[in-house]
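With compact mmCIF, C-alpha atoms inside, this is model_16.txt:
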```txt
# COMPACT_ATOMS: atom_id res chain seq x y z
CA MET P 1 -27.78 -128.80 -82.87
CA THR P 2 -30.83 -129.36 -85.05
CA SER P 3 -34.21 -127.81 -84.31
CA ASP P 4 -35.57 -131.19 -83.23
CA GLU P 5 -32.66 -131.77 -80.83
CA ILE P 6 -33.20 -128.34 -79.24
CA LYS P 7 -36.94 -129.02 -78.81
CA ALA P 8 -36.30 -132.44 -77.28
CA LEU P 9 -33.95 -131.03 -74.64
CA ASP P 10 -36.43 -128.26 -73.87
CA GLU P 11 -39.20 -130.78 -73.29
CA GLN P 12 -37.00 -132.96 -71.10
CA TYR P 13 -35.34 -130.35 -68.91
CA VAL P 14 -37.27 -127.06 -69.04
CA MET P 15 -40.51 -126.28 -67.18
CA GLN P 16 -43.24 -126.08 -69.80
CA THR P 17 -44.55 -122.63 -68.96
CA TYR P 18 -44.48 -121.16 -72.47
CA GLY P 19 -46.75 -121.86 -75.42
CA ARG P 20 -43.85 -121.83 -77.86
CA TYR P 21 -44.27 -121.75 -81.61
CA ASP P 22 -42.71 -124.66 -83.48
CA VAL P 23 -39.65 -122.57 -84.28
CA ALA P 24 -36.01 -122.77 -83.13
CA ILE P 25 -33.71 -119.83 -83.84
CA GLU P 26 -29.94 -120.02 -84.23
CA HIS P 27 -28.89 -116.55 -85.37
CA GLY P 28 -30.13 -113.33 -86.89
CA GLU P 29 -29.15 -110.28 -88.91
CA GLY P 30 -31.10 -107.03 -88.84
CA ALA P 31 -34.74 -108.07 -88.52
CA THR P 32 -34.23 -111.47 -90.14
CA LEU P 33 -33.78 -114.68 -88.14
CA TYR P 34 -32.60 -118.13 -89.15
CA SER P 35 -33.25 -121.63 -87.84
CA PRO P 36 -30.41 -124.15 -87.40
CA GLU P 37 -31.45 -125.59 -90.77
CA GLY P 38 -31.27 -122.17 -92.43
CA LYS P 39 -34.98 -121.39 -92.69
CA GLN P 40 -35.50 -117.63 -92.84
CA TYR P 41 -37.98 -115.67 -90.73
CA ILE P 42 -38.85 -111.99 -90.85
CA ASP P 43 -39.16 -110.91 -87.23
CA PHE P 44 -42.10 -108.69 -86.25
CA THR P 45 -41.56 -109.51 -82.54
CA SER P 46 -38.01 -108.40 -81.57
CA GLY P 47 -38.23 -110.73 -78.58
CA ILE P 48 -41.38 -108.85 -77.44
CA GLY P 49 -39.63 -105.53 -77.97
CA VAL P 50 -36.28 -106.46 -76.40
CA SER P 51 -33.98 -106.70 -79.45
CA SER P 52 -34.61 -103.04 -80.17
CA ILE P 53 -31.73 -102.40 -82.57
CA GLY P 54 -31.86 -105.75 -84.32
CA TYR P 55 -29.67 -108.82 -84.54
CA GLY P 56 -25.98 -108.94 -85.39
CA ASN P 57 -25.61 -105.24 -84.60
CA LYS P 58 -21.83 -104.89 -84.70
CA GLU P 59 -21.52 -101.58 -82.82
CA TRP P 60 -23.69 -102.91 -79.99
CA ALA P 61 -21.80 -106.22 -79.85
CA GLU P 62 -18.45 -104.40 -79.78
CA ALA P 63 -19.60 -102.16 -76.91
CA VAL P 64 -20.79 -105.17 -74.91
CA TYR P 65 -17.64 -107.17 -75.69
CA ALA P 66 -15.30 -104.33 -74.71
CA GLN P 67 -17.07 -103.86 -71.38
CA ALA P 68 -17.21 -107.62 -70.68
CA LEU P 69 -13.43 -107.78 -71.03
CA LYS P 70 -13.01 -104.93 -68.52
CA LEU P 71 -15.62 -105.58 -65.84
CA GLN P 72 -18.71 -107.78 -65.98
CA HIS P 73 -20.09 -107.16 -62.47
CA ILE P 74 -19.04 -105.45 -59.26
CA SER P 75 -22.31 -104.93 -57.29
CA ASN P 76 -23.91 -101.67 -56.25
CA LEU P 77 -21.64 -101.36 -53.22
CA PHE P 78 -19.11 -99.69 -55.56
CA TYR P 79 -19.14 -97.12 -58.34
CA SER P 80 -18.43 -97.83 -62.02
CA GLU P 81 -18.45 -95.71 -65.16
CA PRO P 82 -21.04 -97.38 -67.44
CA TYR P 83 -24.10 -96.96 -65.23
CA VAL P 84 -23.41 -93.34 -64.27
CA LYS P 85 -22.95 -92.39 -67.93
CA LEU P 86 -26.19 -94.22 -68.77
CA ALA P 87 -28.03 -92.51 -65.92
CA SER P 88 -26.91 -89.10 -67.16
CA GLU P 89 -27.88 -89.78 -70.78
CA LEU P 90 -31.19 -91.44 -70.01
CA THR P 91 -32.55 -88.95 -67.49
CA SER P 92 -31.44 -86.01 -69.62
CA ARG P 93 -33.26 -87.26 -72.70
CA ALA P 94 -36.31 -88.32 -70.69
CA GLY P 95 -36.60 -85.06 -68.74
CA MET P 96 -36.45 -86.87 -65.41
CA ALA P 97 -34.30 -86.29 -62.31
CA LYS P 98 -32.90 -89.65 -61.19
CA VAL P 99 -32.97 -93.35 -62.10
CA PHE P 100 -32.87 -96.70 -60.32
CA PHE P 101 -31.66 -99.61 -62.47
CA SER P 102 -33.15 -103.11 -62.15
CA ASN P 103 -33.30 -106.25 -64.27
CA ALA P 104 -36.70 -106.48 -65.98
CA GLY P 105 -40.12 -104.93 -66.34
CA GLY P 106 -41.92 -106.68 -63.49
CA GLU P 107 -39.19 -105.71 -61.05
CA ALA P 108 -39.23 -102.14 -62.38
CA ASN P 109 -42.98 -101.89 -61.78
CA GLU P 110 -42.55 -103.32 -58.27
CA GLY P 111 -40.10 -100.50 -57.61
CA MET P 112 -42.53 -97.95 -58.98
CA ILE P 113 -45.25 -99.23 -56.64
CA LYS P 114 -42.86 -99.10 -53.68
CA ILE P 115 -41.78 -95.54 -54.41
CA ALA P 116 -45.43 -94.42 -54.60
CA ARG P 117 -46.31 -95.98 -51.27
CA LYS P 118 -43.20 -94.71 -49.53
CA TYR P 119 -43.76 -91.18 -50.86
CA SER P 120 -47.27 -91.22 -49.40
CA PHE P 121 -46.19 -92.85 -46.11
CA ASP P 122 -43.40 -90.32 -45.62
CA LYS P 123 -45.77 -87.40 -46.19
CA TYR P 124 -49.14 -88.62 -44.89
CA GLY P 125 -48.47 -91.68 -42.73
CA LYS P 126 -50.36 -94.96 -42.88
CA GLY P 127 -53.74 -95.45 -44.58
CA ARG P 128 -52.99 -93.81 -47.93
CA SER P 129 -51.56 -96.66 -50.00
CA THR P 130 -54.13 -97.72 -52.62
CA ILE P 131 -53.05 -97.59 -56.26
CA ILE P 132 -55.58 -97.30 -59.07
CA SER P 133 -54.75 -99.02 -62.37
CA LEU P 134 -56.79 -99.70 -65.48
CA LEU P 135 -58.82 -102.62 -66.75
CA GLN P 136 -57.02 -104.43 -69.60
CA SER P 137 -53.66 -103.36 -68.15
CA PHE P 138 -50.66 -105.62 -67.70
CA HIS P 139 -47.88 -104.75 -65.26
CA GLY P 140 -45.96 -107.98 -64.65
CA ARG P 141 -45.91 -111.54 -63.33
CA THR P 142 -44.91 -111.06 -59.70
CA ILE P 143 -47.63 -111.38 -57.06
CA THR P 144 -47.80 -107.61 -56.58
CA THR P 145 -47.68 -106.63 -60.27
CA LEU P 146 -50.32 -109.27 -61.01
CA ALA P 147 -52.49 -107.52 -58.41
CA ALA P 148 -51.93 -104.27 -60.31
CA THR P 149 -52.83 -105.95 -63.61
CA GLY P 150 -56.44 -105.35 -64.67
CA GLN P 151 -57.10 -108.64 -66.47
CA ASP P 152 -58.96 -111.47 -64.74
CA GLU P 153 -57.31 -114.15 -66.88
CA PHE P 154 -54.06 -113.55 -64.98
CA HIS P 155 -55.78 -113.64 -61.57
CA ASN P 156 -55.86 -117.36 -61.01
CA TYR P 157 -53.95 -120.01 -59.05
CA PHE P 158 -51.80 -117.58 -57.05
CA PHE P 159 -54.14 -116.19 -54.39
CA PRO P 160 -53.87 -114.27 -52.13
CA PHE P 161 -52.58 -111.26 -54.02
CA THR P 162 -51.05 -108.13 -52.55
CA GLU P 163 -53.76 -105.78 -51.30
CA GLY P 164 -54.25 -102.16 -52.22
CA PHE P 165 -55.18 -102.10 -55.91
CA ILE P 166 -58.35 -100.94 -57.65
CA HIS P 167 -59.04 -101.27 -61.39
CA VAL P 168 -61.14 -98.78 -63.34
CA PRO P 169 -62.07 -98.62 -67.05
CA ALA P 170 -59.66 -96.83 -69.37
CA ASN P 171 -60.73 -93.54 -70.99
CA ASP P 172 -63.55 -93.09 -68.45
CA ILE P 173 -62.74 -90.06 -66.32
CA LYS P 174 -66.06 -90.21 -64.44
CA ALA P 175 -65.35 -93.77 -63.27
CA LEU P 176 -61.99 -92.56 -61.98
CA GLU P 177 -63.51 -89.56 -60.20
CA ASP P 178 -66.24 -91.72 -58.64
CA THR P 179 -63.64 -94.20 -57.37
CA LEU P 180 -61.49 -91.45 -55.91
CA GLY P 181 -64.53 -89.98 -54.17
CA ALA P 182 -65.51 -93.32 -52.66
CA GLU P 183 -61.97 -93.98 -51.46
CA SER P 184 -61.71 -90.51 -49.91
CA ALA P 185 -64.92 -91.14 -47.98
CA SER P 186 -63.75 -94.53 -46.67
CA GLU P 187 -60.27 -93.46 -45.55
CA PRO P 188 -59.30 -90.42 -43.48
CA GLY P 189 -57.61 -88.03 -45.90
CA GLY P 190 -58.26 -90.38 -48.84
CA GLY P 191 -56.88 -93.86 -49.35
CA VAL P 192 -55.35 -93.47 -52.83
CA CYS P 193 -51.68 -92.61 -53.29
CA ALA P 194 -51.14 -93.09 -57.05
CA LEU P 195 -52.53 -93.88 -60.48
CA MET P 196 -50.66 -96.41 -62.61
CA ILE P 197 -51.20 -96.46 -66.38
CA GLU P 198 -49.83 -97.80 -69.64
CA LEU P 199 -50.22 -95.21 -72.38
CA ILE P 200 -50.68 -98.07 -74.81
CA GLN P 201 -52.03 -101.26 -73.24
CA GLY P 202 -49.81 -103.78 -75.00
CA GLU P 203 -50.87 -107.15 -73.64
CA GLY P 204 -54.44 -105.87 -73.43
CA GLY P 205 -54.65 -105.52 -77.21
CA VAL P 206 -52.41 -102.58 -78.25
CA LEU P 207 -54.95 -100.05 -76.97
CA PRO P 208 -53.70 -96.42 -76.93
CA LEU P 209 -55.23 -94.23 -74.25
CA ASP P 210 -57.10 -91.14 -75.40
CA PRO P 211 -54.84 -88.04 -75.08
CA GLY P 212 -57.64 -86.02 -73.47
CA TYR P 213 -58.16 -88.71 -70.86
CA VAL P 214 -54.43 -88.88 -70.10
CA LYS P 215 -54.27 -85.10 -69.66
CA ALA P 216 -57.28 -85.21 -67.31
CA VAL P 217 -55.63 -88.00 -65.28
CA ALA P 218 -52.44 -85.96 -65.00
CA ASP P 219 -54.43 -82.93 -63.82
CA ILE P 220 -56.29 -84.99 -61.18
CA CYS P 221 -53.01 -86.39 -59.90
CA ALA P 222 -51.44 -82.92 -59.66
CA ALA P 223 -54.47 -81.46 -57.87
CA ASN P 224 -54.60 -84.24 -55.26
CA ASP P 225 -50.89 -85.00 -54.76
CA LEU P 226 -51.38 -88.47 -56.26
CA LEU P 227 -48.34 -89.83 -58.03
CA LEU P 228 -48.74 -90.45 -61.76
CA LEU P 229 -46.97 -93.73 -62.50
CA VAL P 230 -46.43 -94.54 -66.19
CA ASP P 231 -45.51 -98.09 -67.17
CA GLU P 232 -43.34 -97.83 -70.29
CA VAL P 233 -41.91 -101.33 -70.18
CA GLN P 234 -43.19 -101.98 -73.71
CA THR P 235 -43.69 -98.47 -75.06
CA GLY P 236 -40.35 -97.00 -73.97
CA VAL P 237 -36.94 -96.73 -75.63
CA GLY P 238 -38.08 -95.51 -79.04
CA ARG P 239 -40.84 -98.03 -79.65
CA THR P 240 -43.52 -95.41 -80.33
CA GLY P 241 -41.31 -92.96 -82.24
CA SER P 242 -40.19 -90.90 -79.24
CA LEU P 243 -37.80 -92.08 -76.57
CA PHE P 244 -40.83 -92.51 -74.28
CA ALA P 245 -44.49 -92.46 -75.21
CA TYR P 246 -45.36 -89.86 -72.55
CA GLN P 247 -43.30 -87.35 -74.55
CA GLN P 248 -45.95 -87.57 -77.28
CA TYR P 249 -48.82 -87.25 -74.78
CA GLY P 250 -47.52 -83.98 -73.36
CA ILE P 251 -47.42 -85.09 -69.73
CA SER P 252 -44.68 -85.31 -67.10
CA PRO P 253 -44.99 -88.48 -64.98
CA ASP P 254 -43.82 -88.55 -61.40
CA VAL P 255 -42.30 -92.00 -61.97
CA VAL P 256 -41.86 -94.00 -65.17
CA SER P 257 -40.75 -97.61 -65.57
CA PHE P 258 -38.77 -99.00 -68.49
CA ALA P 259 -37.21 -102.32 -69.53
CA LYS P 260 -37.37 -104.55 -72.64
CA GLY P 261 -35.50 -102.64 -75.37
CA ILE P 262 -33.23 -100.52 -73.17
CA ALA P 263 -30.14 -102.75 -73.38
CA GLY P 264 -30.72 -104.18 -76.87
CA GLY P 265 -31.18 -107.77 -75.72
CA LEU P 266 -29.55 -107.91 -72.30
CA PRO P 267 -31.66 -108.01 -69.11
CA MET P 268 -32.19 -104.50 -67.83
CA GLY P 269 -34.99 -102.32 -66.52
CA GLY P 270 -35.53 -99.50 -64.10
CA ILE P 271 -37.55 -96.54 -62.93
CA MET P 272 -36.99 -92.83 -63.38
CA ALA P 273 -38.40 -90.25 -60.97
CA ASN P 274 -39.00 -86.53 -61.24
CA GLU P 275 -37.52 -84.04 -58.78
CA LYS P 276 -40.41 -84.49 -56.32
CA CYS P 277 -39.81 -88.23 -56.05
CA SER P 278 -36.08 -88.41 -56.67
CA GLY P 279 -35.19 -88.68 -52.98
CA VAL P 280 -37.93 -91.07 -51.82
CA PHE P 281 -35.71 -94.14 -51.85
CA THR P 282 -32.98 -93.83 -49.25
CA PRO P 283 -30.14 -96.27 -48.41
CA GLY P 284 -31.56 -99.65 -47.46
CA THR P 285 -35.12 -99.03 -48.70
CA HIS P 286 -34.68 -100.59 -52.16
CA ALA P 287 -31.99 -102.66 -53.87
CA THR P 288 -31.24 -105.33 -56.46
CA THR P 289 -28.15 -107.44 -57.12
CA PHE P 290 -27.84 -107.21 -60.89
CA GLY P 291 -29.23 -103.70 -61.45
CA ALA P 292 -26.80 -101.28 -63.15
CA ASN P 293 -24.73 -104.21 -64.41
CA PRO P 294 -21.75 -102.74 -66.34
CA VAL P 295 -22.20 -104.94 -69.44
CA ALA P 296 -25.93 -104.25 -69.68
CA ALA P 297 -25.26 -100.54 -69.14
CA ALA P 298 -22.70 -100.52 -71.95
CA GLY P 299 -25.26 -102.14 -74.24
CA ALA P 300 -27.88 -99.58 -73.21
CA LEU P 301 -25.55 -96.66 -73.92
CA GLU P 302 -25.09 -97.97 -77.45
CA VAL P 303 -28.85 -98.39 -77.89
CA LEU P 304 -29.38 -94.76 -76.89
CA ARG P 305 -26.56 -93.62 -79.18
CA GLN P 306 -28.22 -95.32 -82.15
CA LEU P 307 -31.71 -94.05 -81.28
CA ASP P 308 -30.98 -90.44 -82.16
CA ASP P 309 -33.55 -87.96 -83.48
CA ALA P 310 -33.21 -89.24 -87.05
CA ALA P 311 -33.77 -92.84 -85.94
CA LEU P 312 -36.85 -91.86 -83.92
CA ALA P 313 -38.30 -90.00 -86.92
CA ALA P 314 -37.65 -93.08 -89.07
CA ILE P 315 -39.58 -95.24 -86.58
CA LEU P 316 -42.64 -93.02 -87.01
CA GLU P 317 -42.28 -93.18 -90.79
CA LYS P 318 -41.94 -96.97 -90.84
CA GLY P 319 -44.94 -97.36 -88.57
CA ALA P 320 -47.07 -95.15 -90.81
CA TYR P 321 -45.82 -97.06 -93.86
CA ALA P 322 -46.82 -100.42 -92.36
CA CYS P 323 -50.25 -99.16 -91.25
CA ASP P 324 -50.96 -97.62 -94.67
CA ALA P 325 -49.96 -100.87 -96.38
CA ILE P 326 -52.30 -102.96 -94.20
CA LYS P 327 -55.18 -100.50 -94.72
CA GLY P 328 -54.57 -100.69 -98.46
CA TRP P 329 -55.27 -104.42 -98.51
CA ASN P 330 -58.96 -103.75 -97.76
CA LEU P 331 -59.35 -107.17 -96.18
CA PRO P 332 -62.64 -107.80 -94.34
CA VAL P 333 -60.74 -109.77 -91.68
CA VAL P 334 -58.85 -106.61 -90.65
CA GLN P 335 -61.21 -104.75 -88.35
CA GLU P 336 -58.93 -102.02 -86.95
CA ILE P 337 -55.30 -100.90 -86.98
CA ARG P 338 -54.06 -99.04 -83.92
CA GLY P 339 -50.89 -98.10 -82.09
CA MET P 340 -47.97 -95.68 -82.34
CA GLY P 341 -44.67 -95.95 -84.18
CA LEU P 342 -43.59 -99.58 -84.46
CA MET P 343 -46.03 -100.82 -81.84
CA ILE P 344 -48.98 -101.78 -84.03
CA GLY P 345 -52.12 -103.72 -83.21
CA ILE P 346 -54.24 -105.37 -85.91
CA SER P 347 -57.70 -106.25 -84.64
CA LEU P 348 -59.17 -109.26 -86.48
CA ASP P 349 -62.78 -110.10 -87.22
CA GLY P 350 -63.56 -113.77 -87.76
CA ALA P 351 -60.03 -115.12 -87.34
CA ALA P 352 -58.20 -116.38 -84.24
CA PRO P 353 -54.99 -114.37 -83.69
CA LYS P 354 -53.07 -117.36 -82.32
CA LYS P 355 -53.94 -119.46 -85.36
CA VAL P 356 -52.93 -116.61 -87.68
CA ALA P 357 -49.64 -116.14 -85.83
CA GLN P 358 -48.94 -119.88 -86.02
CA THR P 359 -49.61 -119.94 -89.75
CA CYS P 360 -47.39 -116.89 -90.20
CA SER P 361 -44.53 -118.68 -88.44
CA GLU P 362 -44.95 -121.66 -90.76
CA ASN P 363 -44.61 -119.27 -93.69
CA GLY P 364 -41.58 -117.34 -92.46
CA LEU P 365 -43.00 -114.49 -90.38
CA LEU P 366 -42.86 -114.17 -86.59
CA ILE P 367 -45.64 -112.02 -85.13
CA LEU P 368 -47.21 -111.56 -81.70
CA THR P 369 -50.77 -111.64 -80.43
CA ALA P 370 -52.40 -109.22 -77.97
CA GLY P 371 -55.66 -109.47 -76.08
CA ALA P 372 -58.47 -111.63 -77.41
CA ASP P 373 -58.64 -110.43 -81.00
CA ALA P 374 -55.43 -108.74 -82.11
CA LEU P 375 -52.09 -109.37 -83.75
CA ARG P 376 -49.22 -107.24 -82.46
CA MET P 377 -46.30 -105.97 -84.55
CA MET P 378 -43.16 -105.00 -82.60
CA PRO P 379 -40.25 -105.47 -85.02
CA PRO P 380 -36.71 -104.32 -84.33
CA LEU P 381 -36.68 -100.53 -84.56
CA THR P 382 -33.94 -100.80 -87.18
CA ILE P 383 -36.00 -102.96 -89.55
CA THR P 384 -35.46 -102.06 -93.22
CA TYR P 385 -38.24 -101.32 -95.69
CA ASP P 386 -37.27 -104.43 -97.61
CA GLU P 387 -37.75 -106.55 -94.48
CA LEU P 388 -41.03 -104.78 -93.73
CA ASP P 389 -42.27 -105.48 -97.25
CA LYS P 390 -41.33 -109.15 -97.04
CA GLY P 391 -43.04 -109.58 -93.69
CA LEU P 392 -46.15 -107.68 -94.75
CA ALA P 393 -46.42 -109.79 -97.90
CA ILE P 394 -46.45 -112.98 -95.81
CA LEU P 395 -49.01 -111.50 -93.41
CA LYS P 396 -51.28 -110.46 -96.29
CA THR P 397 -51.16 -113.94 -97.84
CA VAL P 398 -51.92 -115.61 -94.49
CA LEU P 399 -54.80 -113.25 -93.70
CA GLU P 400 -56.31 -113.77 -97.14
CA GLY P 401 -56.09 -117.55 -96.69
CA THR P 402 -57.40 -117.43 -93.12
CA TYR P 403 -60.41 -115.42 -94.16
CA ASP P 404 -61.13 -117.78 -97.07
CA GLU P 405 -61.19 -120.72 -94.67
```

Now that the file is in, can you turn its structure into structure tokens?
Amino acid sequence: MTSDEIKALDEQYVMQTYGRYDVAIEHGEGATLYSPEGKQYIDFTSGIGVSSIGYGNKEWAEAVYAQALKLQHISNLFYSEPYVKLASELTSRAGMAKVFFSNAGGEANEGMIKIARKYSFDKYGKGRSTIISLLQSFHGRTITTLAATGQDEFHNYFFPFTEGFIHVPANDIKALEDTLGAESASEPGGGVCALMIELIQGEGGVLPLDPGYVKAVADICAANDLLLLVDEVQTGVGRTGSLFAYQQYGISPDVVSFAKGIAGGLPMGGIMANEKCSGVFTPGTHATTFGANPVAAAGALEVLRQLDDAALAAILEKGAYACDAIKGWNLPVVQEIRGMGLMIGISLDGAAPKKVAQTCSENGLLILTAGADALRMMPPLTITYDELDKGLAILKTVLEGTYDE
């Protein structure tokens, strides 16, 4: 099919919920994508972090193919080898006790919220169920994860939302302490059961939390038996140069969610819990049909195999290389560069990120936006320096032209 034929069928038969760029993709190799007509694009998006080890990855495809021939699905009423091997590998490398597998990030965060509330109910009874999250956060598109999300632009049309969420400013420990004090006064024994944070607020603008603030939050949680919930849907699976971002912050979450890049392009997510929370879910209290799917688990095992220590170190090096290159342009339109590893935010001054991203796509570079003022780079973690250079050259040309306009 041609690009125009694909777009026509989309318009006729698909709900128009996405603001798509005028780009159709047929295939890819590494971090380079191609339209049906053969136009080449350097990919700085990786499907919003999902295609973590690139396109046309033969070892990954062979692992998925071999498993698909053996067993594609059997349900969680029975045991199978791929998911138990994945559970062992993932929890061991993450320093966590047990895992629950789901399908995507929003569902993973729903599970994390449920485990926090059940932990508190089991130990303290009713009345201790409020979860504090941060302004500028993003935790998903379900009714409950939208309630947890601290951005008003997402809080429209779908009222009423699930109750029991409070949003406080990031990096403001006093605001958190004041909120906890007020909640303790209004509820017998305190109404808060958990704090839910992204260590880098991706959709909010690629905003890394201050390490001192994160450590203080962890200490407050430990002192008050509040669960520390870390949303690593975007930051997890090598994106920041460690398997999970919390490993660079020096904290140990009670529960952590993951998704996006875990299975290299197949739908998969989940939550991992520490020893304290590993037994909170009991038979019948949480479930999902497609979680721990054998084919997705086989893909995830191959992703973890490829993301060894050397690969994680290379992610940090590539991220530093890209940031240094952008700083070296000395463009007035570039206000700030922030992030970790290959999750990079470029804050713009005097240019609309969506317009810049659109112009980049017209010139052969796919890039994301984040928040009101930022571009977001999340290329495949296996991107080569040659591909990085090509993509950065396009971005530089577009930013120079945008600023001149």

For Phe244 (chain P): contacts at 12 Å, only C-alpha atoms, fewer than 3 positions along chain excluded, given as a count of residues only = 40

Show me, as CSV, the residues of region 124-228 of chain P having an atom within 9 Å of region 108-115 of chain P, each with the closest atom pair and its distance in Å, using only C-alpha atoms.
```
residue,atom,partner,partner_atom,distance
P:Ile131,CA,P:Ile113,CA,8.0
P:His139,CA,P:Asn109,CA,6.7
P:Gly140,CA,P:Asn109,CA,7.4
P:Thr142,CA,P:Glu110,CA,8.2
P:Thr144,CA,P:Glu110,CA,7.0
P:Thr145,CA,P:Glu110,CA,6.4
P:Ala194,CA,P:Ile113,CA,8.5
P:Met196,CA,P:Ile113,CA,8.5
```

Ref. answer, residues at most 9 Å from (-23.2, -103.9, -57.2) with all atoms listed in the file, as a list in words |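 In the file's frame, the residues around the point are His73, Ile74, Ser75, Asn76, Leu77, Phe78, Tyr79, Thr288, Thr289, Phe290, Gly291, Ala292 and Asn293 of chain P.
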
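Shortest atom-to-atom contact with Leu368 (chain P) among P:Glu203, P:Glu89, P:Glu107, P:Asp210: P:Glu203, counting all atoms listed in the file.
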
Compile the contact shell of Ala320 (chain P) as a compact mmCIF listing (two decimals) with C-alpha atoms, in the frame of the given file: residues with an atom at most 12 Å away, counting all atoms listed in the file, same-chain residues fewer than 6 positions apart removed.
```txt
# COMPACT_ATOMS: atom_id res chain seq x y z
CA THR P 240 -43.52 -95.41 -80.33
CA GLY P 241 -41.31 -92.96 -82.24
CA ALA P 313 -38.30 -90.00 -86.92
CA ALA P 314 -37.65 -93.08 -89.07
CA ILE P 326 -52.30 -102.96 -94.20
CA LYS P 327 -55.18 -100.50 -94.72
CA ILE P 337 -55.30 -100.90 -86.98
CA ARG P 338 -54.06 -99.04 -83.92
CA GLY P 339 -50.89 -98.10 -82.09
CA MET P 340 -47.97 -95.68 -82.34
CA GLY P 341 -44.67 -95.95 -84.18
CA LEU P 342 -43.59 -99.58 -84.46
CA MET P 343 -46.03 -100.82 -81.84
CA ILE P 344 -48.98 -101.78 -84.03
CA TYR P 385 -38.24 -101.32 -95.69
CA LEU P 388 -41.03 -104.78 -93.73
```

CA of Ile166 (chain P) to CA of Lys260 (chain P): how many Å, to one decimal?
->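 A separation of 26.0 Å between them.
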
Extract, using all atoms listed in the file, all DNA, RNA and protein residues at most 7 Å from Val333 (chain P), discarding same-chain residues fewer than 4 positions from it, and format them as a PDB file with C-alpha atoms, in the frame of the given file.
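File out_4.pdb, as written:
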```pdb
ATOM      1  CA  LEU P 348     -59.170-109.260 -86.480  1.00  0.00           C
ATOM      2  CA  ASP P 349     -62.780-110.100 -87.220  1.00  0.00           C
ATOM      3  CA  GLY P 350     -63.560-113.770 -87.760  1.00  0.00           C
ATOM      4  CA  ALA P 351     -60.030-115.120 -87.340  1.00  0.00           C
ATOM      5  CA  TYR P 403     -60.410-115.420 -94.160  1.00  0.00           C
TER       6      TYR P 403
END
```
